[in-house]
Amino acid sequence: MMVTIRRGDFDAFFAAPFEAYGRQTLYVSPMRNDLQRFLSVRENPLFSGRDDLAFFTAHAGGRVLGRITAHVHRASNERYGQKRGLFGYFDCADDADAARALLGEAEAWARERGLDELIGNFNLTAMQQAGVQTGGFEQAPYTDQIYSPPHVMKLLEGAGYRAEFPMSTTALDLTTIDPAMLLGPKQRALLASGDYAFAPVDRKTLPARLKDAHAILNASFADNPMFVPLSWEEFEFQARDMKTIIDPRISVVMQRRGEPIGAVIAIPDLNPLVRATGARFKLTTPWHYLRYRLTRTRAVIIFQGVLPAYHGEGVNPLMLHHVVSAMKAAGYRSVGGTWIADVNRASLRQAEKAGARQLHRLHLYRKVL
């Protein structure tokens with residue numbers, strides 16, 4: 001059957017992974033409303049109203065076979081001196097014709113704008129979901145982790161893309177870890193000094209704590225590969241629904257003499273709820289939410305960082321001790337972490353010391369245009 005491409009059909013874009021992967025897939029979609037606003041160049045401050053994103057779907061025989069975004073992150077290209085186009089949300093049935101058609105549209109879009117390479121997945125930047133899954137396919141993802149079946153990487157390779165920039169996501173079994181193992185002499189000295197305190201992140205304090213987290217994120221990630229500082233508008237756009245999902249027991253901002261120096265922002269893993277609702281708000285969603293609240297056992301750390309002046313001072317393990325202890329007390333049984341690049345050896349060592357295991361293997365896939 002001949003594959004046809006549509007541009008800008010959001011209904012088909014939302015439906016594509018469900019159609020492509022079937023009911024048994026471990027893939028979990030963003031909520032429909034969230035996905036729609038992410039892809040809006042008018043609403044998403046990443047694009048600031050510019051025509052810097054397009055999305056496409058592949059169709060054949062009355063069925064949607066796949067989807068892809070093509071976009072450009074101008075701030076990243078300016079920061080790193082690149083002419084790079086990005087693709088994202090590449091979800092496709094095991095159909096080489098559909099994959100080539102989708103990737104061809106993204107490549108043509110990038111060439112029209114003078115870009116000289118295409119790389120992804122970026123959903124939609126390096127500070128969000130990134131990569132194509134290349135291992136750990138049997139492991140269910142946590143919120144903010146990418147999942148794709150094994151054939152997706154093969155489709156990319158068949159279309160001339162090559163894997164680079166290896167990454168991993170992690171998971172920590174809270175039922176077996178003793179939080180005390182995270183306390184060494186440095187951490188005990190910090191606690192004994194009286195200069196350090198843990199500021200709660202709850203509905204009342206959330207606006208101030210998010211401001212703290214935004215500043216800590218930009219400072220602590222400044223030297224990470226591919227990092228681009230987030231404007232407040234971008235940060236707030238991504239965190240706008242935090243008030244409705246936050247569990248105030250498991251996030252914290254660490255202060256020294258009243259000044260924020262580190263943060264761990266964690267949320268309950270929402271994937272079981274999203275899966276139960278089909279990623280849509282509907283009449284049964286409140287019932288699903290109540291059921292989810294009673295049964296949730298997984299959390300995910302969205303962001304963890306410390307101001308550079310306090311690197312090596314024992315702050316990160318101390319924050320992690322506080323959060324892990326709180327998660328165990330709240331009844332959580334595991335916690336996932338978002339991607340860490342292989343080149344970020346310090347973060348990998350920290351995860352290993354905490355007892356985390358590799359959950360998924362990821363790579364970026366790149367093609368020179």
# chains A, B, ... in the order shown; residues from 1 in each chain; ligands from 1
>>> residues_around(residues="Ile119 (chain A)", least_positions_apart="2", cutoff="7 Å", atoms="only C-alpha atoms", output="tab-separated table (two decimals) with C-alpha atoms, in the first residue's frame")
chain	number	residue	atom	x	y	z
A	85	GLY	CA	17.91	20.20	12.92
A	86	LEU	CA	16.13	18.01	15.42
A	87	PHE	CA	13.56	15.28	15.07
A	117	GLU	CA	22.24	17.53	10.05
A	121	ASN	CA	14.85	11.98	19.39
A	364	LEU	CA	20.83	9.74	19.72
A	365	TYR	CA	20.52	8.94	16.01
A	366	ARG	CA	22.13	11.38	13.57
A	367	LYS	CA	22.30	11.85	9.81
>>> closest_atom_pairs(of="region 209-243 of chain A", to="region 21-44 of chain A", cutoff="12 Å", atoms="only C-alpha atoms", output="tab-separated table")
residue	atom	partner	partner_atom	distance
A:Ser231	CA	A:Asn44	CA	11.9
A:Glu233	CA	A:Asn44	CA	8.9
A:Glu234	CA	A:Asn44	CA	7.5
A:Phe235	CA	A:Asn44	CA	10.6
A:Glu236	CA	A:Asn44	CA	10.5
A:Phe237	CA	A:Asn44	CA	7.2
A:Gln238	CA	A:Phe38	CA	8.8
A:Ala239	CA	A:Asp34	CA	11.3
A:Arg240	CA	A:Asp34	CA	10.5
A:Asp241	CA	A:Asp34	CA	9.7
>>> residues_around(residues="region 95-111 of chain A", least_positions_apart="3", cutoff="9 Å", atoms="only C-alpha atoms", output="compact mmCIF listing (two decimals) with N, CA and C atoms, in the first residue's frame")
# COMPACT_ATOMS: atom_id res chain seq x y z
N MET A 2 0.44 2.26 -0.75
CA MET A 2 1.20 3.49 -0.83
C MET A 2 1.08 4.28 0.49
N VAL A 3 2.22 4.78 0.96
CA VAL A 3 2.25 5.59 2.17
C VAL A 3 2.04 7.05 1.79
N THR A 4 1.13 7.71 2.46
CA THR A 4 0.92 9.14 2.26
C THR A 4 1.28 9.87 3.55
N ILE A 5 1.69 11.11 3.41
CA ILE A 5 2.12 11.92 4.55
C ILE A 5 1.16 13.09 4.73
N ALA A 54 7.45 21.56 12.79
CA ALA A 54 6.39 20.96 11.98
C ALA A 54 6.22 19.52 12.43
N PHE A 55 5.02 18.99 12.29
CA PHE A 55 4.85 17.57 12.62
C PHE A 55 4.07 16.87 11.51
N PHE A 56 4.43 15.59 11.34
CA PHE A 56 3.95 14.81 10.21
C PHE A 56 3.46 13.44 10.68
N THR A 57 2.53 12.88 9.94
CA THR A 57 2.06 11.51 10.19
C THR A 57 2.05 10.75 8.88
N ALA A 58 2.30 9.44 8.97
CA ALA A 58 2.30 8.56 7.80
C ALA A 58 1.04 7.69 7.84
N HIS A 59 0.42 7.52 6.67
CA HIS A 59 -0.85 6.80 6.58
C HIS A 59 -0.81 5.80 5.43
N ALA A 60 -1.51 4.68 5.60
CA ALA A 60 -1.69 3.70 4.52
C ALA A 60 -2.87 2.81 4.88
N LEU A 65 0.38 5.04 10.52
CA LEU A 65 1.50 4.13 10.76
C LEU A 65 2.60 4.74 11.62
N GLY A 66 2.66 6.06 11.67
CA GLY A 66 3.75 6.66 12.44
C GLY A 66 3.67 8.16 12.45
N ARG A 67 4.64 8.76 13.15
CA ARG A 67 4.65 10.21 13.31
C ARG A 67 6.08 10.69 13.53
N ILE A 68 6.30 11.99 13.37
CA ILE A 68 7.60 12.60 13.65
C ILE A 68 7.42 14.11 13.75
N THR A 69 8.26 14.76 14.54
CA THR A 69 8.38 16.22 14.52
C THR A 69 9.71 16.58 13.87
N ALA A 70 9.74 17.73 13.23
CA ALA A 70 10.98 18.33 12.74
C ALA A 70 11.02 19.73 13.33
N HIS A 71 12.12 20.06 13.99
CA HIS A 71 12.17 21.37 14.64
C HIS A 71 13.62 21.83 14.79
N VAL A 72 13.76 23.06 15.18
CA VAL A 72 15.08 23.64 15.40
C VAL A 72 15.08 24.33 16.76
N ARG A 84 22.04 22.62 13.24
CA ARG A 84 21.46 21.30 13.54
C ARG A 84 19.95 21.35 13.53
N GLY A 85 19.34 20.42 12.82
CA GLY A 85 17.91 20.20 12.92
C GLY A 85 17.64 19.03 13.84
N LEU A 86 16.50 19.06 14.48
CA LEU A 86 16.13 18.01 15.42
C LEU A 86 14.88 17.28 14.93
N PHE A 87 14.82 15.99 15.23
CA PHE A 87 13.56 15.28 15.07
C PHE A 87 13.15 14.75 16.43
N PHE A 90 9.48 10.34 17.26
CA PHE A 90 9.49 9.40 16.15
C PHE A 90 8.98 8.05 16.65
N ASP A 91 7.73 7.79 16.34
CA ASP A 91 7.07 6.54 16.69
C ASP A 91 6.49 5.96 15.42
N CYS A 92 6.83 4.70 15.12
CA CYS A 92 6.46 4.16 13.83
C CYS A 92 6.25 2.66 13.92
N GLY A 114 18.32 25.45 5.72
CA GLY A 114 19.77 25.58 5.70
C GLY A 114 20.47 24.79 6.78
N LEU A 115 19.81 23.81 7.37
CA LEU A 115 20.42 23.00 8.42
C LEU A 115 21.18 21.84 7.78
N ASP A 116 22.27 21.42 8.43
CA ASP A 116 23.15 20.44 7.77
C ASP A 116 23.16 19.06 8.42
N GLU A 117 22.36 18.86 9.45
CA GLU A 117 22.24 17.53 10.05
C GLU A 117 20.89 17.42 10.76
N LEU A 118 20.48 16.18 10.97
CA LEU A 118 19.24 15.91 11.69
C LEU A 118 19.56 14.88 12.76
N VAL A 152 12.34 0.33 16.15
CA VAL A 152 12.49 1.76 15.82
C VAL A 152 13.95 2.09 15.53
N LEU A 155 14.79 0.82 12.11
CA LEU A 155 14.25 1.66 11.04
C LEU A 155 15.15 2.86 10.79
N LEU A 156 15.66 3.46 11.86
CA LEU A 156 16.56 4.60 11.71
C LEU A 156 17.86 4.18 11.04
N GLY A 158 18.28 1.72 9.03
CA GLY A 158 17.97 1.42 7.63
C GLY A 158 17.80 2.66 6.78
N ALA A 159 17.50 3.79 7.42
CA ALA A 159 17.34 5.05 6.69
C ALA A 159 18.61 5.89 6.70
N LEU A 369 23.00 15.81 6.41
CA LEU A 369 22.10 16.11 5.29
C LEU A 369 22.88 16.60 4.06
>>> closest_residue(among="A:Tyr142, A:Phe47, A:Phe198, A:Phe13", to="Val253 (chain A)", atoms="only C-alpha atoms")
A:Phe198
>>> closest_residue(among="A:Pro317, A:Arg333, A:Met167, A:Gly258", to="Leu348 (chain A)", atoms="only C-alpha atoms")
A:Met167
>>> closest_residue(among="A:Ile261, A:Val228, A:Leu172, A:Leu206", to="Glu78 (chain A)", atoms="only C-alpha atoms")
A:Val228
>>> residues_around(residues="Asn224 (chain A)", least_positions_apart="4", cutoff="12 Å", atoms="only C-alpha atoms", output="VMD selection string")
chain A and resid 126 to 127 217 to 220 228 to 229 305 340 to 347
>>> select_by_dssp(residues="region 258-312 of chain A", states="helix (DSSP H, G or I)", output="number ranges by chain")
A: 271-277, 285-295, 308-310
>>> residues_around(residues="Gly312 (chain A)", least_positions_apart="4", cutoff="12 Å", atoms="only C-alpha atoms", output="PDB file with C-alpha atoms, in the first residue's frame")
ATOM      1  CA  LYS A 186      30.924  15.055  55.070  1.00  0.00           C
ATOM      2  CA  GLN A 187      27.159  14.699  55.282  1.00  0.00           C
ATOM      3  CA  VAL A 306      23.682  21.581  43.406  1.00  0.00           C
ATOM      4  CA  LEU A 307      25.232  25.008  42.864  1.00  0.00           C
ATOM      5  CA  PRO A 308      28.805  24.620  41.542  1.00  0.00           C
ATOM      6  CA  ASN A 316      24.077  15.816  46.797  1.00  0.00           C
ATOM      7  CA  PRO A 317      24.267  12.617  48.888  1.00  0.00           C
ATOM      8  CA  LEU A 318      22.707  14.457  51.821  1.00  0.00           C
ATOM      9  CA  ALA A 346      30.269  12.103  37.929  1.00  0.00           C
ATOM     10  CA  GLN A 350      26.701   9.111  42.075  1.00  0.00           C
TER      11      GLN A 350
END
